[in-house]
Structure formats: C-alpha cells, structure tokens
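*Asks:* Pasting a structure below so you can have a look.
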Amino acid sequence: MRRGEFLDPHLVTVYDAECPWGRDDDFFLSVANESPRARVLDLGCGTGRLTLALAAAGHTVTGVDPARASLDAARAKPAADRVTWIEGTSRVLPDRAFDVAVLTSHVAQEIRADDKWARTLADLRRALVPDGRLAFDSRDPAARRWERWNPRDSRRRLALPDGRVVDAWTEVTEVRDGLVSFVHHYVFPDADELLSSGTLRFRTEEELRASLAAAGFTVDRIHGGWGGEPVGTSADGEFVVLARAQD
Ligand SMILES: C[S@@+](CC[C@H](N)C(=O)[O-])C[C@H]1O[C@@H](n2cnc3c(N)ncnc32)[C@H](O)[C@@H]1O
C-alpha cells in the first residue's frame, strides 16, 4: 500500500481532480478579503488551490506544507511565483508576520495529537499580529460524516487532466477515541490500484474552544456550515471557526 495522498505525486494529481474549487474556498477567500492587501498565511496549503487565489486577490501570501509532492505541484501552477512556498509545519513560522491565517480542507484534523495541535495553535498565535485573524474548518463529530465513507456511498469517478478516468471509493477501517482511519481506493484504467490511508481527528466544539483559549485566541464565531448556519443545523456538518489572536 502506498500511504499518504499528499506525499505521492500520482495521488497529488488525483487530489486536484477530486478537490476542485468549492463553497469552502469562497468562504475562506471572503474571510481574507475582509482585510484588503493582507499578509495571509495558508498553513497546510497542499497543492495551492486557495493559496493562489488569495494571491490573485491582492494579498501577500505564504503557503506552508510538510508534503513536498504537494508543494511541487503548487509551485508548477500558473502565477505560483506570487506566493512564498515553505516546506514545513507551523514550527517554521516567523513571529508577528501575518494579519490572517487559514487552515482549510480540514488540515486541523490532520494534526491528530493534542500536544501537536496545541503547539500548532501556539505557533499560529506567535505568527499572527495582535488581533490577527485565524480561520479553519473541522468536521463536527456529531454529523458522523465518516458513516458515508463506505464503498457504496463514496464511489466516484475522477477525470484526470491527461484524459484518464479513475474509479475511486473510500472505506473506514477504524473509529476510536475521536480518530477515524480510512483507506481511499483509486483504480486507474490499466487496472493499477493505488491505496491511500489516513487518520483524522474529530474534535468536539468544546475541545476546539478549549484549545483555542489555551493558545491565546478569542473565538469570534463558529458556524455549522458554509452559509453561516448555526452549529448542528447544516448538512455541511462542519465547525467553521473564526478566531482572533489576543493582544
Ligand atoms: C486535505 S489537505 C488540504 C490542502 C489544502 N489546504 C486544500 O484546501 O486543498 C491537508 C493538508 O494538510 C497538510 N498537513 C498535514 N499535517 C500538517 C501539519 N502538521 N502542519 C501543516 N500542514 C499539515 C497535508 O500535507 C495536506 O497538504
């Protein structure tokens, strides 16, 4: 099994086909645009879909990600030279350098251990200017979205830029202690199958609020979906968190 869709160049291509621009990107772009010409950090920028749009909107953008294959794909995209790309995690961030920080497409859930999440938030607090804004998404465990990650409900067809069509599905392998492990299957036209496994942390709203307070953030709002719905009322099943670095 090849692990980690963000580390394997083949799977990075599949990721881009699977994750086109969405309502979440519209939301995070509009959050950044509340501060015109801001210094924006995209932590866990992946292949740079939103990162590049933030730069095109006039912001000064830094994209940080530990996955080299994803960053290589981002750097190869049009106008990539407008963004500062850094391979690494929050540890590499400079002090008081950003007005806005975003972690999108559930990067927060990739950071599974409590101590690592606390460290990430502390680094973000340090990297933001006082009153700087933090926005991120994390799936609401009460929505139990992983129950649809089964071979029937998750089956999908992905069209790659080179014309190939990939059949894909996902299956959950374990649900335990707020962690959900899964495997994505990708079957290429020549019958070659790539597997990509992962584990995501599903934090409760209380856990998110406690971790943000401990790191020195004030929560402005937590929405339940991309239309600004209250938590628990949207089919999106999200926590969309908007917080602010305390002075
Ligand atoms: C689902 S992808 C989202 C990528 C991008 N934000 C997007 O919207 O397409 C999750 C990303 O989180 C990155 N990641 C994993 N652990 C991380 C960490 N500790 N700090 C920053 N990014 C991390 C992965 O490498 C991956 O690129």
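Order determines the names: the first chain of the structure tokens is A, the second B, and so forth; residues in each chain are numbered 1 upward, and ligands are numbered 1 upward as they are shown.
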Give the residue list for ligand 1 at 10 Å, counting only C-alpha atoms and all ligand atoms, as JSON, numbers by chain, sorted by chain and then by residue number.

*Replies:* {"A": [4, 5, 6, 7, 12, 15, 16, 18, 19, 20, 21, 22, 24, 25, 28, 42, 43, 44, 45, 46, 47, 48, 49, 50, 51, 63, 64, 65, 66, 67, 68, 69, 70, 71, 87, 88, 89, 90, 91, 102, 103, 104, 105, 106, 107, 108, 109, 110, 111, 112, 113, 116, 117, 119, 120, 136]}

*Asks:* Counting only C-alpha atoms, which residues in stretch 56-128 of chain A sit no more than 9 Å from stretch 214-225 of chain A? For each one, give the nearest pair of atoms and the distance in Å, sorted by chain then residue number, as CSV.

*Replies:*
residue,atom,partner,partner_atom,distance
A:Ala118,CA,A:Ala215,CA,6.9
A:Arg119,CA,A:Ala215,CA,8.4
A:Leu121,CA,A:Ala215,CA,5.9
A:Ala122,CA,A:Ala215,CA,5.1
A:Asp123,CA,A:Ala215,CA,8.7
A:Leu124,CA,A:Ala215,CA,8.8
A:Arg125,CA,A:Gly216,CA,6.7

*Asks:* Just the selected residues (C-alpha atoms), exported as a PDB file, in the first residue's frame, please.

*Replies:*
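Once written, out.pdb looks like this:
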ATOM      1  CA  ALA A 118      -1.616  22.847  20.975  1.00  0.00           C
ATOM      2  CA  ARG A 119       1.826  23.539  19.554  1.00  0.00           C
ATOM      3  CA  LEU A 121      -2.068  26.921  17.718  1.00  0.00           C
ATOM      4  CA  ALA A 122       0.694  28.433  19.877  1.00  0.00           C
ATOM      5  CA  ASP A 123       2.838  28.879  16.757  1.00  0.00           C
ATOM      6  CA  LEU A 124      -0.076  30.487  14.917  1.00  0.00           C
ATOM      7  CA  ARG A 125      -0.681  32.858  17.838  1.00  0.00           C
TER       8      ARG A 125
END

*Asks:* Calculated over only C-alpha atoms, which of the candidates A:Ala79, A:Leu208, A:Ile86, A:Leu200 has the smallest distance to A:Phe182?

*Replies:*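 The shortest atom-to-atom distance to A:Phe182 comes from A:Leu200.
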
*Asks:* Skipping near chain neighbours, those fewer than 4 positions away, what residues fall within 12 Å of A:Val165 using only C-alpha atoms, listed as a ChimeraX atom specification?

*Replies:* /A:13-14,17-18,156-161,186-191

*Asks:* Which residue out of A:Thr62, A:Asn33, A:Thr173, A:Thr233 has the minimum interatomic distance to A:Pro94 when only C-alpha atoms are used?

*Replies:*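 Between A:Thr62, A:Asn33, A:Thr173, A:Thr233, the residue approaching A:Pro94 most closely is A:Thr62.
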
*Asks:* Quick one: residues within 10 Å of A:Arg176, only C-alpha atoms counted, chain neighbours fewer than 4 positions away excluded, as an NGL selection string?

*Replies:* :A and (180-181 or 201)

*Asks:* Which residues come within 9 Å of A:Arg126, counting only C-alpha atoms, excluding same-chain residues fewer than 6 positions away, as a VMD selection string?

*Replies:* chain A and resid 93 to 97 245

*Asks:* Using only C-alpha atoms, pick whichever of A:Leu194, A:Val129, A:Glu205, A:Leu134 has the shortest atom-to-atom distance to A:Pro9.

*Replies:*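 Nearest to A:Pro9: A:Leu194.
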
*Asks:* Calculate how many Å separate atom CA of A:Thr204 from atom CA of A:Leu41, rounding to one decimal.

*Replies:*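 Here the two named atoms are 24.8 Å from each other.
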